[in-house]
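Dropping protein02.cif in here (mmCIF, C-alpha atoms and all ligand atoms):
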data_run
loop_
_atom_site.label_atom_id
_atom_site.label_comp_id
_atom_site.auth_asym_id
_atom_site.auth_seq_id
_atom_site.Cartn_x
_atom_site.Cartn_y
_atom_site.Cartn_z
CA MET A 1 5.89 1.30 46.57
CA THR A 2 4.31 0.50 43.17
CA ASN A 3 1.38 2.60 41.98
CA GLN A 4 -1.74 0.88 40.63
CA GLU A 5 -1.21 2.40 37.21
CA VAL A 6 -0.97 0.82 33.76
CA TRP A 7 1.07 3.09 31.52
CA ILE A 8 0.95 3.19 27.74
CA TYR A 9 3.59 4.91 25.67
CA ALA A 10 1.84 7.23 23.19
CA GLU A 11 3.56 6.48 19.91
CA LYS A 12 3.49 9.22 17.30
CA HIS A 13 4.75 9.25 13.77
CA VAL A 14 5.05 12.46 11.76
CA GLY A 15 2.85 14.22 14.34
CA ILE A 16 0.08 11.58 14.37
CA ILE A 17 -0.71 9.23 17.26
CA GLN A 18 -0.43 5.67 15.96
CA PRO A 19 -3.56 3.43 16.08
CA VAL A 20 -1.79 0.87 18.29
CA THR A 21 -1.81 3.44 21.12
CA TYR A 22 -5.61 3.67 20.97
CA GLN A 23 -5.90 -0.12 20.73
CA LEU A 24 -3.77 -0.48 23.88
CA ILE A 25 -5.89 2.08 25.77
CA THR A 26 -9.09 0.14 25.03
CA LYS A 27 -7.51 -3.18 26.07
CA ALA A 28 -5.93 -1.70 29.21
CA LYS A 29 -9.29 -0.23 30.26
CA GLU A 30 -10.93 -3.63 29.75
CA ILE A 31 -8.43 -5.55 31.91
CA SER A 32 -7.37 -2.97 34.50
CA LYS A 33 -10.46 -2.72 36.79
CA ASP A 34 -8.93 -1.17 39.95
CA LYS A 35 -5.91 0.28 38.12
CA LYS A 36 -5.61 3.64 36.39
CA VAL A 37 -4.85 3.72 32.68
CA VAL A 38 -2.23 6.42 32.15
CA ILE A 39 -0.83 7.55 28.79
CA VAL A 40 2.66 9.02 28.58
CA LEU A 41 2.95 11.55 25.78
CA PHE A 42 6.08 13.39 24.67
CA GLU A 43 5.44 16.27 22.29
CA ALA A 44 6.66 19.66 21.07
CA THR A 45 5.17 22.79 22.67
CA ASP A 46 2.91 23.56 19.69
CA GLU A 47 1.45 20.02 19.53
CA GLN A 48 -1.86 19.11 21.20
CA LEU A 49 -1.98 15.35 20.67
CA GLU A 50 -3.57 14.84 24.09
CA MET A 51 -6.84 16.05 22.48
CA ASP A 52 -6.82 13.00 20.15
CA ILE A 53 -5.91 10.60 22.95
CA LYS A 54 -8.68 11.91 25.24
CA GLU A 55 -11.32 10.50 22.88
CA TYR A 56 -10.35 6.96 23.92
CA GLY A 57 -10.97 7.66 27.61
CA PRO A 58 -7.79 6.90 29.57
CA ASP A 59 -7.86 8.02 33.23
CA GLU A 60 -4.87 10.34 32.86
CA ILE A 61 -2.45 11.66 30.26
CA ILE A 62 1.02 12.65 31.44
CA VAL A 63 2.32 15.20 28.94
CA VAL A 64 5.94 16.22 28.67
CA LYS A 65 6.32 19.23 26.36
CA ASP A 66 9.62 20.37 24.94
CA ASP A 67 10.51 21.48 21.41
CA ARG A 68 13.36 19.00 21.37
CA LEU A 69 10.69 16.24 21.55
CA ARG A 70 9.54 16.90 17.97
CA ASP A 71 12.41 14.76 16.75
CA ALA A 72 13.89 13.19 19.89
CA THR A 73 15.71 9.90 19.48
CA ASP A 74 14.54 6.64 21.03
CA SER A 75 17.40 6.86 23.59
CA GLU A 76 16.30 10.33 24.66
CA ILE A 77 12.68 9.19 25.04
CA ALA A 78 13.85 6.14 27.03
CA ASN A 79 15.82 8.44 29.38
CA LEU A 80 12.75 10.61 30.03
CA MET A 81 10.49 7.56 30.49
CA THR A 82 12.96 6.15 33.01
CA ALA A 83 12.90 9.35 35.06
CA LEU A 84 9.08 9.40 35.01
CA ALA A 85 8.74 5.71 35.89
CA GLU A 86 11.23 6.01 38.77
CA ARG A 87 9.20 8.90 40.09
CA ARG A 88 5.70 7.36 39.81
CA GLN A 89 6.49 3.62 39.98
CA PRO A 90 3.74 2.25 37.68
CA ASN A 91 2.56 -1.34 37.91
CA SER A 92 3.03 -1.95 34.15
CA ILE A 93 4.12 -0.22 30.96
CA LEU A 94 2.78 -1.20 27.51
CA PHE A 95 4.21 -0.43 24.08
CA GLY A 96 3.16 -1.16 20.50
CA ALA A 97 5.41 -3.86 19.03
CA THR A 98 6.36 -1.45 16.25
CA VAL A 99 9.78 -0.33 15.01
CA VAL A 100 9.66 2.52 17.56
CA GLY A 101 8.21 0.47 20.45
CA ARG A 102 10.74 -2.29 19.84
CA SER A 103 13.51 0.27 20.12
CA ILE A 104 12.38 2.24 23.20
CA ALA A 105 10.96 -0.60 25.33
CA PRO A 106 14.18 -2.67 25.71
CA ARG A 107 16.19 0.47 26.55
CA LEU A 108 13.68 1.30 29.28
CA GLN A 109 13.60 -2.29 30.49
CA ALA A 110 17.39 -2.32 30.95
CA LYS A 111 17.39 1.03 32.77
CA LEU A 112 14.55 -0.06 35.10
CA ASN A 113 16.08 -3.52 35.58
CA THR A 114 12.83 -5.35 34.94
CA GLY A 115 11.31 -7.85 32.47
CA LEU A 116 9.80 -7.24 29.03
CA THR A 117 7.66 -9.63 26.98
CA SER A 118 7.64 -8.67 23.31
CA ASP A 119 4.96 -9.28 20.67
CA CYS A 120 2.16 -10.36 23.02
CA LEU A 121 -1.12 -11.52 21.52
CA ASN A 122 -3.12 -11.11 24.73
CA LEU A 123 -2.89 -9.44 28.13
CA SER A 124 -4.86 -9.90 31.35
CA PHE A 125 -4.40 -9.26 35.05
CA ASP A 126 -4.42 -11.79 37.86
CA ASP A 127 -4.66 -9.35 40.75
CA ASP A 128 -1.47 -7.28 40.32
CA LEU A 129 0.26 -9.71 38.02
CA LEU A 130 0.21 -8.99 34.28
CA ILE A 131 -0.35 -12.22 32.34
CA GLN A 132 1.40 -11.80 29.00
CA THR A 133 0.39 -14.32 26.34
CA LYS A 134 2.62 -14.87 23.32
CA PRO A 135 3.50 -17.62 20.84
CA SER A 136 6.61 -19.55 21.86
CA TYR A 137 8.73 -22.58 20.89
CA GLY A 138 8.80 -21.73 17.18
CA ASP A 139 5.29 -20.28 17.43
CA ASN A 140 3.87 -23.74 18.11
CA ILE A 141 2.32 -23.06 21.52
CA MET A 142 0.93 -20.08 23.42
CA CYS A 143 2.84 -19.25 26.61
CA GLU A 144 1.67 -17.17 29.56
CA ILE A 145 4.60 -15.15 30.81
CA ILE A 146 4.72 -13.34 34.17
CA CYS A 147 7.20 -11.07 35.90
CA PRO A 148 6.46 -11.70 39.58
CA ASN A 149 9.42 -10.08 41.30
CA GLN A 150 10.22 -6.86 39.43
CA ARG A 151 8.18 -3.76 38.61
CA PRO A 152 7.09 -2.31 36.31
CA GLN A 153 5.91 -5.27 34.26
CA MET A 154 6.58 -4.46 30.61
CA ALA A 155 5.02 -5.82 27.42
CA SER A 156 4.73 -4.93 23.76
CA VAL A 157 1.72 -5.85 21.61
CA ARG A 158 1.51 -6.00 17.83
CA PRO A 159 -0.66 -3.40 16.07
CA ASN A 160 -4.24 -4.58 15.38
CA THR A 161 -4.15 -7.32 18.01
CA PHE A 162 -6.90 -5.42 19.85
CA ALA A 163 -9.68 -3.15 18.60
CA ALA A 164 -9.77 0.51 19.64
CA GLN A 165 -12.99 2.06 20.88
CA LYS A 166 -13.75 5.71 21.52
CA VAL A 167 -15.36 6.69 24.82
CA PRO A 168 -17.76 9.63 24.46
CA ASP A 169 -17.51 12.38 27.10
CA ALA A 170 -14.78 10.68 29.11
CA SER A 171 -13.28 12.76 31.89
CA VAL A 172 -9.52 12.61 31.47
CA VAL A 173 -6.96 14.25 33.76
CA VAL A 174 -4.07 15.89 31.88
CA THR A 175 -0.93 16.29 33.96
CA GLU A 176 1.85 18.37 32.47
CA VAL A 177 5.30 17.48 33.76
CA SER A 178 7.84 20.21 33.17
CA ASP A 179 10.68 19.47 35.57
CA LEU A 180 12.34 16.52 33.81
CA SER A 181 15.83 17.18 32.58
CA PHE A 182 16.33 16.40 28.88
CA LYS A 183 19.44 14.27 28.57
CA GLU A 184 20.75 14.47 25.02
CA ALA A 185 21.94 11.27 23.34
CA PRO A 186 24.21 12.92 20.77
CA ARG A 187 25.38 9.80 18.91
CA VAL A 188 22.22 9.80 16.74
CA LYS A 189 20.54 12.89 15.35
CA ILE A 190 17.21 12.79 13.47
CA LEU A 191 17.47 15.02 10.39
CA GLU A 192 14.12 14.34 8.78
CA GLU A 193 11.04 12.17 9.39
CA THR A 194 9.07 10.74 6.46
CA PRO A 195 5.96 8.53 6.55
CA LEU A 196 6.68 4.80 6.43
CA LEU A 197 5.04 3.28 3.37
CA SER A 198 6.21 -0.31 3.59
CA LYS A 199 3.92 -2.93 2.13
CA SER A 200 3.31 -4.62 5.50
CA ASP A 201 2.30 -1.30 7.00
CA SER A 202 -0.28 -0.86 4.27
CA ILE A 203 -1.86 -4.32 4.75
CA ALA A 204 -2.00 -3.87 8.53
CA ASN A 205 -3.86 -0.58 8.12
CA ALA A 206 -5.92 -1.43 5.01
CA ASP A 207 -9.72 -1.20 5.08
CA ARG A 208 -10.08 -3.92 2.42
CA VAL A 209 -7.84 -6.94 1.97
CA VAL A 210 -7.87 -9.71 -0.65
CA ALA A 211 -5.96 -12.69 0.77
CA LEU A 212 -4.57 -15.52 -1.33
CA GLY A 213 -3.88 -19.02 -0.10
CA ARG A 214 -2.33 -22.05 -1.80
CA GLY A 215 -5.71 -22.81 -3.43
CA ALA A 216 -5.42 -19.51 -5.34
CA SER A 217 -1.77 -19.66 -6.33
CA ASP A 218 -2.08 -20.28 -10.10
CA ASP A 219 -0.77 -17.31 -12.08
CA GLN A 220 -4.12 -16.87 -13.85
CA VAL A 221 -5.97 -16.77 -10.51
CA ILE A 222 -3.43 -14.32 -9.08
CA ASP A 223 -4.00 -12.04 -12.11
CA LEU A 224 -7.76 -12.12 -11.52
CA ALA A 225 -7.27 -11.49 -7.79
CA GLU A 226 -5.06 -8.50 -8.60
CA GLU A 227 -7.82 -7.10 -10.82
CA LEU A 228 -10.33 -7.53 -7.97
CA THR A 229 -7.90 -5.90 -5.53
CA ARG A 230 -7.55 -2.87 -7.82
CA LYS A 231 -11.31 -2.58 -8.34
CA LEU A 232 -12.01 -2.70 -4.61
CA GLY A 233 -9.18 -0.30 -3.78
CA ALA A 234 -7.89 -3.10 -1.53
CA LYS A 235 -4.44 -4.43 -0.56
CA MET A 236 -3.31 -7.97 -1.21
CA GLY A 237 -2.08 -10.32 1.51
CA VAL A 238 -1.09 -14.00 1.47
CA THR A 239 -0.82 -17.12 3.61
CA ARG A 240 2.63 -18.45 4.42
CA PRO A 241 3.00 -20.88 1.46
CA LEU A 242 2.45 -17.98 -0.98
CA THR A 243 5.44 -16.06 0.42
CA ASP A 244 7.57 -18.42 -1.73
CA HIS A 245 5.85 -17.12 -4.89
CA VAL A 246 7.95 -14.66 -6.87
CA LYS A 247 5.30 -11.93 -6.50
CA PHE A 248 5.11 -12.04 -2.70
CA SER A 249 7.35 -11.97 0.34
CA GLY A 250 7.17 -12.36 4.11
CA GLU A 251 6.06 -8.72 4.29
CA ASP A 252 2.75 -9.71 2.67
CA GLN A 253 2.07 -12.61 5.04
CA ILE A 254 -1.00 -12.51 7.26
CA GLY A 255 -1.04 -14.46 10.52
CA GLN A 256 0.76 -15.29 13.72
CA SER A 257 4.24 -14.83 12.27
CA GLY A 258 3.14 -12.18 9.76
CA ASN A 259 0.78 -9.21 9.89
CA THR A 260 -2.26 -8.86 12.11
CA ILE A 261 -4.91 -7.16 9.97
CA ALA A 262 -8.18 -5.42 10.87
CA PRO A 263 -9.95 -4.53 7.60
CA LYS A 264 -13.64 -3.73 7.18
CA LEU A 265 -13.71 -6.34 4.36
CA LEU A 266 -11.52 -9.43 3.96
CA ILE A 267 -11.88 -11.84 1.02
CA ASN A 268 -10.05 -15.16 1.49
CA LEU A 269 -9.36 -17.09 -1.71
CA GLY A 270 -8.17 -20.69 -1.41
CA VAL A 271 -7.18 -20.25 2.23
CA HIS A 272 -7.53 -23.31 4.45
CA GLY A 273 -7.90 -21.48 7.78
CA ALA A 274 -5.02 -22.83 9.88
CA VAL A 275 -4.95 -21.34 13.36
CA GLN A 276 -1.64 -19.60 12.58
CA TYR A 277 -3.49 -17.72 9.81
CA THR A 278 -6.78 -17.01 11.60
CA THR A 279 -4.93 -15.46 14.57
CA GLY A 280 -4.06 -12.63 12.22
CA ILE A 281 -7.61 -11.94 10.93
CA GLU A 282 -9.70 -11.95 14.11
CA GLN A 283 -10.22 -8.16 14.09
CA SER A 284 -11.66 -8.13 10.55
CA ASP A 285 -15.28 -6.93 10.27
CA LEU A 286 -16.74 -8.76 7.27
CA ILE A 287 -15.08 -11.96 6.06
CA ILE A 288 -15.97 -13.65 2.77
CA SER A 289 -14.21 -16.94 2.03
CA ILE A 290 -13.95 -19.04 -1.10
CA ASN A 291 -12.76 -22.63 -0.83
CA LYS A 292 -13.58 -25.76 -2.79
CA ASP A 293 -13.63 -27.87 0.39
CA ALA A 294 -16.93 -27.46 2.27
CA ASP A 295 -15.21 -28.54 5.50
CA ALA A 296 -12.37 -26.00 5.32
CA PRO A 297 -11.96 -24.41 8.79
CA ILE A 298 -11.86 -20.91 7.26
CA PHE A 299 -15.65 -21.07 6.88
CA LYS A 300 -16.06 -21.07 10.70
CA TYR A 301 -14.53 -17.57 10.74
CA SER A 302 -16.51 -16.28 7.76
CA ASP A 303 -19.68 -14.22 7.41
CA PHE A 304 -20.22 -15.41 3.82
CA SER A 305 -18.94 -18.61 2.23
CA TYR A 306 -18.63 -19.73 -1.38
CA ILE A 307 -17.89 -23.42 -1.82
CA GLY A 308 -16.17 -23.77 -5.18
CA ASP A 309 -13.21 -22.88 -7.32
CA ALA A 310 -11.43 -19.58 -6.57
CA GLY A 311 -10.86 -18.83 -10.27
CA ASP A 312 -14.53 -19.41 -11.14
CA PHE A 313 -15.61 -17.19 -8.26
CA LEU A 314 -13.30 -14.39 -9.37
CA LYS A 315 -14.46 -14.52 -13.01
CA SER A 316 -18.15 -14.30 -11.98
CA PHE A 317 -17.57 -11.70 -9.29
CA LEU A 318 -15.50 -9.45 -11.54
CA LYS A 319 -18.32 -9.44 -14.12
CA VAL A 320 -20.84 -8.08 -11.59
CA ILE A 321 -18.62 -5.37 -10.10
CA GLN A 322 -17.60 -3.81 -13.44
C1 LIG B 401 5.23 -21.88 13.70
C2 LIG B 401 4.32 -21.66 12.53
C3 LIG B 401 3.91 -20.37 12.22
C4 LIG B 401 3.09 -20.15 11.11
N1 LIG B 401 2.68 -18.88 10.82
C5 LIG B 401 1.83 -18.69 9.78
C6 LIG B 401 1.34 -17.38 9.46
O1 LIG B 401 1.69 -16.37 10.08
N2 LIG B 401 0.49 -17.27 8.40
C7 LIG B 401 0.06 -18.34 7.66
O2 LIG B 401 -0.72 -18.15 6.72
N3 LIG B 401 0.52 -19.56 7.95
C8 LIG B 401 1.38 -19.77 8.97
N4 LIG B 401 1.81 -21.02 9.23
C9 LIG B 401 1.44 -22.11 8.31
C10 LIG B 401 0.02 -22.63 8.60
O3 LIG B 401 0.09 -23.64 9.58
C11 LIG B 401 -0.60 -23.23 7.32
O4 LIG B 401 0.26 -24.23 6.81
C12 LIG B 401 -0.86 -22.20 6.23
O5 LIG B 401 -1.61 -21.11 6.74
C13 LIG B 401 -1.65 -22.87 5.11
O6 LIG B 401 -1.79 -21.98 4.04
P1 LIG B 401 -2.96 -22.17 2.96
O7 LIG B 401 -4.25 -22.11 3.66
O8 LIG B 401 -2.69 -21.20 1.88
O9 LIG B 401 -2.63 -23.59 2.33
P2 LIG B 401 -3.28 -25.01 2.46
O10 LIG B 401 -3.31 -25.48 3.86
O11 LIG B 401 -2.57 -25.88 1.46
O12 LIG B 401 -4.79 -24.80 2.03
C14 LIG B 401 -5.19 -24.51 0.72
C15 LIG B 401 -6.70 -24.44 0.70
O13 LIG B 401 -7.12 -24.10 -0.60
C16 LIG B 401 -8.24 -24.86 -0.97
N5 LIG B 401 -8.23 -24.97 -2.41
C17 LIG B 401 -7.41 -25.71 -3.19
N6 LIG B 401 -7.66 -25.49 -4.48
C18 LIG B 401 -8.66 -24.57 -4.54
C19 LIG B 401 -9.36 -23.93 -5.58
N7 LIG B 401 -9.08 -24.17 -6.90
N8 LIG B 401 -10.32 -23.03 -5.27
C20 LIG B 401 -10.64 -22.77 -3.96
N9 LIG B 401 -10.01 -23.36 -2.92
C21 LIG B 401 -9.04 -24.25 -3.21
C22 LIG B 401 -8.06 -26.19 -0.26
O14 LIG B 401 -9.31 -26.82 -0.05
C23 LIG B 401 -7.38 -25.76 1.05
O15 LIG B 401 -8.34 -25.55 2.07
C24 LIG B 401 2.64 -21.26 10.33
C25 LIG B 401 3.05 -22.53 10.69
C26 LIG B 401 3.86 -22.75 11.77
C27 LIG B 401 4.27 -24.15 12.13
#

How does this structure look as structure tokens?
Ligand SMILES: Cc1cc2nc3c(=O)[nH]c(=O)nc-3n(C[C@H](O)[C@H](O)[C@H](O)COP(=O)(O)OP(=O)(O)OC[C@H]3O[C@@H](n4cnc5c(N)ncnc54)[C@H](O)[C@@H]3O)c2cc1C
Amino acid sequence: MTNQEVWIYAEKHVGIIQPVTYQLITKAKEISKDKKVVIVLFEATDEQLEMDIKEYGPDEIIVVKDDRLRDATDSEIANLMTALAERRQPNSILFGATVVGRSIAPRLQAKLNTGLTSDCLNLSFDDDLLIQTKPSYGDNIMCEIICPNQRPQMASVRPNTFAAQKVPDASVVVTEVSDLSFKEAPRVKILEETPLLSKSDSIANADRVVALGRGASDDQVIDLAEELTRKLGAKMGVTRPLTDHVKFSGEDQIGQSGNTIAPKLLINLGVHGAVQYTTGIEQSDLIISINKDADAPIFKYSDFSYIGDAGDFLKSFLKVIQ
């Protein structure tokens, strides 16, 4: 018998809960209604990460404590998750579509003999059925995927697809589970963990982003945009056409098949505003866009618009923010 619980795997990296976990809690609370939102946390005995998770107001946190969990492998975590899921039979399990989530979720899916939809851009419930929305057919259409016959229903969601919101004074039940047997997966051993500092990681988590589109691809404009990026302490991202430029790569791309970003400030320079791009910027707070075409769709997504040349804008703007 399936429990009315939506589980979220609490992803940690170098002892810090990753933002995607909080984003998933907020979304799960929004869509779950009659279901409990339950976080599954694996940590070492001297860690207290449940205190951080509590601030986002899930109904329950299942904590498994064991010193071997400080640097457990993805296979070992998947084994423990399987034992827990077989015991409590949740309705659904959600993961961040991160390097770690993409490694643990399919292992768990195979062990539980169920379905998994990766890289979802939206989730909702139709009664007990999890509706998992993701781009399909070469990213050209959005598909709603369901798993009607097997449980749990499993999905992964890219970081920054949803916004996280703290819940003041939430009452959260913490359940410590201490009777799981730790099954070692000896083929891989983690010797050391170091923070990931890839470029894409830094755009996805940046507070300020300067984004370049094809209308800002001249070398002189790129130089000015780099100066602005440095002055603002921002990170630089690009639309897909710019990934062919020698200075950029797919790691810098914003959008449906690139990074989903959620900065406090986003400046779009010479970006048209194709839907495949705007999907990746919806969580941005303040959007300023510069485009010489007054009808460019990017302006519909913008708080402030400048109709004109990107290079001219940059020269004037750089003068006033000396
Ligand atoms: C399956 C699929 C997935 C895709 N995924 C992504 C994705 O993840 N990210 C992404 O970005 N794209 C993606 N695309 C491509 C997307 O459809 C657009 O083609 C792309 O976003 C357009 O980039 P752009 O706005 O830089 O270029 P353009 O569409 O060429 O627009 C350039 C803009 O610059 C303006 N401009 C020109 N000169 C100047 C100037 N001097 N000053 C100011 N403005 C100027 C123009 O008016 C125009 O609006 C995808 C496409 C497909 C089919």

What's the 8 Å shell around Val210 in chain A, counting only C-alpha atoms, without same-chain residues fewer than 3 positions away, as a list in words?
->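 Contacts, with the query itself left out: Ala225, Thr229, Ala234, Lys235, Met236, Gly237, Leu266, Ile267, Asn268 and Leu269 of chain A.
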
May I have the residues within 7 Å of ligand LIG 401 (chain B), computed using all atoms listed in the file, as a CSV table (one decimal) with C-alpha atoms, keeping the file's coordinate frame?
chain,number,residue,atom,x,y,z
A,138,GLY,CA,8.8,-21.7,17.2
A,139,ASP,CA,5.3,-20.3,17.4
A,140,ASN,CA,3.9,-23.7,18.1
A,212,LEU,CA,-4.6,-15.5,-1.3
A,213,GLY,CA,-3.9,-19.0,-0.1
A,214,ARG,CA,-2.3,-22.0,-1.8
A,215,GLY,CA,-5.7,-22.8,-3.4
A,216,ALA,CA,-5.4,-19.5,-5.3
A,238,VAL,CA,-1.1,-14.0,1.5
A,239,THR,CA,-0.8,-17.1,3.6
A,240,ARG,CA,2.6,-18.4,4.4
A,241,PRO,CA,3.0,-20.9,1.5
A,242,LEU,CA,2.4,-18.0,-1.0
A,253,GLN,CA,2.1,-12.6,5.0
A,254,ILE,CA,-1.0,-12.5,7.3
A,255,GLY,CA,-1.0,-14.5,10.5
A,256,GLN,CA,0.8,-15.3,13.7
A,257,SER,CA,4.2,-14.8,12.3
A,258,GLY,CA,3.1,-12.2,9.8
A,269,LEU,CA,-9.4,-17.1,-1.7
A,270,GLY,CA,-8.2,-20.7,-1.4
A,271,VAL,CA,-7.2,-20.2,2.2
A,272,HIS,CA,-7.5,-23.3,4.4
A,273,GLY,CA,-7.9,-21.5,7.8
A,274,ALA,CA,-5.0,-22.8,9.9
A,275,VAL,CA,-5.0,-21.3,13.4
A,276,GLN,CA,-1.6,-19.6,12.6
A,277,TYR,CA,-3.5,-17.7,9.8
A,290,ILE,CA,-14.0,-19.0,-1.1
A,291,ASN,CA,-12.8,-22.6,-0.8
A,292,LYS,CA,-13.6,-25.8,-2.8
A,293,ASP,CA,-13.6,-27.9,0.4
A,296,ALA,CA,-12.4,-26.0,5.3
A,308,GLY,CA,-16.2,-23.8,-5.2
A,309,ASP,CA,-13.2,-22.9,-7.3
A,310,ALA,CA,-11.4,-19.6,-6.6
A,311,GLY,CA,-10.9,-18.8,-10.3

Proximity to Ile93 in chain A - best of A:Asp119, A:Glu5, A:Asp66, A:Glu43, all atoms listed in the file |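 Of A:Asp119, A:Glu5, A:Asp66, A:Glu43, the one nearest Ile93 in chain A, counting all atoms listed in the file, is A:Glu5.
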
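Take CA of Asn160 in chain A and CA of Glu50 in chain A: the distance between them is 21.3 Å.
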
Can you check which parts of range 157-187 of chain A lie within 9 Å of range 96-109 of chain A? Per residue, the shortest pair of atoms and distance in Å to one decimal, counting all atoms listed in the file, sorted by chain and number, as JSON lines.
{"residue": "A:Val157", "atom": "CA", "partner": "A:Ala97", "partner_atom": "CA", "distance": 4.9}
{"residue": "A:Arg158", "atom": "CA", "partner": "A:Ala97", "partner_atom": "CA", "distance": 4.6}
{"residue": "A:Pro159", "atom": "CA", "partner": "A:Gly96", "partner_atom": "CA", "distance": 6.3}

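In terms of minimum interatomic distance to Lys27 in chain A, A:Asn122 ranks closest within A:Asn122, A:Asn113, A:Ser249, A:Thr175, counting only C-alpha atoms.
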
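Using all atoms listed in the file, the shortest contact distance between Gln18 in chain A and any of A:Tyr137, A:Phe299, A:Phe317, A:Phe95 is found at A:Phe95.
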
Can you work out which one of A:Ser32, A:Asn259, A:Gln150, A:Ser181 has the shortest atom-to-atom distance to Asn79 in chain A, counting only C-alpha atoms?
-> A:Ser181

Per-residue nearest contacts of range 110-193 of chain A to range 278-285 of chain A (9 Å; only C-alpha atoms) as a tab-separated table:
residue	atom	partner	partner_atom	distance
A:Leu121	CA	A:Thr279	CA	8.9
A:Asn160	CA	A:Gln283	CA	7.1
A:Thr161	CA	A:Gln283	CA	7.3
A:Phe162	CA	A:Gln283	CA	7.2
A:Ala163	CA	A:Gln283	CA	6.8

Quick one, how far is CA of Thr2 in chain A from CA of Arg151 in chain A?
->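 Between CA of Thr2 in chain A and CA of Arg151 in chain A the gap is 7.3 Å.
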
Select, from A:Val172, A:Asp127, A:Leu49, A:Ser75, the residue with the minimum atom-to-atom distance to Ile61 in chain A, counting only C-alpha atoms.
->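 Distance minimum relative to Ile61 in chain A lands on A:Val172.
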
Excluding range 182-193 of chain A and residues on its chain fewer than 4 positions from it, collect all residues at most 12 Å away from it, counting all atoms listed in the file, and give them as a compact mmCIF listing (two decimals) with C-alpha atoms, in the coordinates of the input.
# COMPACT_ATOMS: atom_id res chain seq x y z
CA LYS A 12 3.49 9.22 17.30
CA HIS A 13 4.75 9.25 13.77
CA VAL A 14 5.05 12.46 11.76
CA GLY A 15 2.85 14.22 14.34
CA PHE A 42 6.08 13.39 24.67
CA VAL A 64 5.94 16.22 28.67
CA LYS A 65 6.32 19.23 26.36
CA ASP A 66 9.62 20.37 24.94
CA ASP A 67 10.51 21.48 21.41
CA ARG A 68 13.36 19.00 21.37
CA LEU A 69 10.69 16.24 21.55
CA ARG A 70 9.54 16.90 17.97
CA ASP A 71 12.41 14.76 16.75
CA ALA A 72 13.89 13.19 19.89
CA THR A 73 15.71 9.90 19.48
CA ASP A 74 14.54 6.64 21.03
CA SER A 75 17.40 6.86 23.59
CA GLU A 76 16.30 10.33 24.66
CA ILE A 77 12.68 9.19 25.04
CA ALA A 78 13.85 6.14 27.03
CA ASN A 79 15.82 8.44 29.38
CA LEU A 80 12.75 10.61 30.03
CA MET A 81 10.49 7.56 30.49
CA THR A 82 12.96 6.15 33.01
CA ALA A 83 12.90 9.35 35.06
CA LEU A 84 9.08 9.40 35.01
CA SER A 178 7.84 20.21 33.17

Just the residues within 9 Å of Leu94 in chain A, please, counting all atoms listed in the file, with nothing from its chain fewer than 6 positions along; format it as a list in words.
->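 In the requested form, the answer reads Val6, Trp7, Ile8, Tyr9, Leu24, Ala28, Ala105, Gln153, Met154, Ala155, Ser156 and Val157 of chain A.
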
Of the candidates A:Asp207, A:Asp179, A:Asp59, A:Glu226, which shows the shortest atom-to-atom distance to Lys264 in chain A, using all atoms listed in the file?
-> A:Asp207

Take CA of Asn3 in chain A and CA of Tyr56 in chain A and report the distance between them in Å, one decimal.
-> 22.0 Å

Could you pull out every residue with an atom within 12 Å of (-18.4, 12.7, 28.9), file coordinates, counting all atoms listed in the file, and send them as a ChimeraX atom specification?
-> /A:54-57,166-172

Quick one: everything within 10 Å of Cys143 in chain A, counting all atoms listed in the file, minus sequence neighbours fewer than 2 positions away in the same chain. Send it as a PDB file with C-alpha atoms, in the coordinates of the input.
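Result saved to part.pdb:
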ATOM      1  CA  CYS A 120       2.160 -10.360  23.020  1.00  0.00           C
ATOM      2  CA  ILE A 131      -0.350 -12.220  32.340  1.00  0.00           C
ATOM      3  CA  GLN A 132       1.400 -11.800  29.000  1.00  0.00           C
ATOM      4  CA  THR A 133       0.390 -14.320  26.340  1.00  0.00           C
ATOM      5  CA  LYS A 134       2.620 -14.870  23.320  1.00  0.00           C
ATOM      6  CA  PRO A 135       3.500 -17.620  20.840  1.00  0.00           C
ATOM      7  CA  SER A 136       6.610 -19.550  21.860  1.00  0.00           C
ATOM      8  CA  TYR A 137       8.730 -22.580  20.890  1.00  0.00           C
ATOM      9  CA  ASP A 139       5.290 -20.280  17.430  1.00  0.00           C
ATOM     10  CA  ASN A 140       3.870 -23.740  18.110  1.00  0.00           C
ATOM     11  CA  ILE A 141       2.320 -23.060  21.520  1.00  0.00           C
ATOM     12  CA  ILE A 145       4.600 -15.150  30.810  1.00  0.00           C
ATOM     13  CA  ILE A 146       4.720 -13.340  34.170  1.00  0.00           C
TER      14      ILE A 146
END

Write out as JSON an axis-aligned box for range 292-302 of chain A: all of its atoms listed in the file, 4 Å added on each side, centre and edge lengths in Å with one decimal.
{"center_x": -14.4, "center_y": -22.4, "center_z": 4.0, "size_x": 13.1, "size_y": 20.3, "size_z": 21.5}
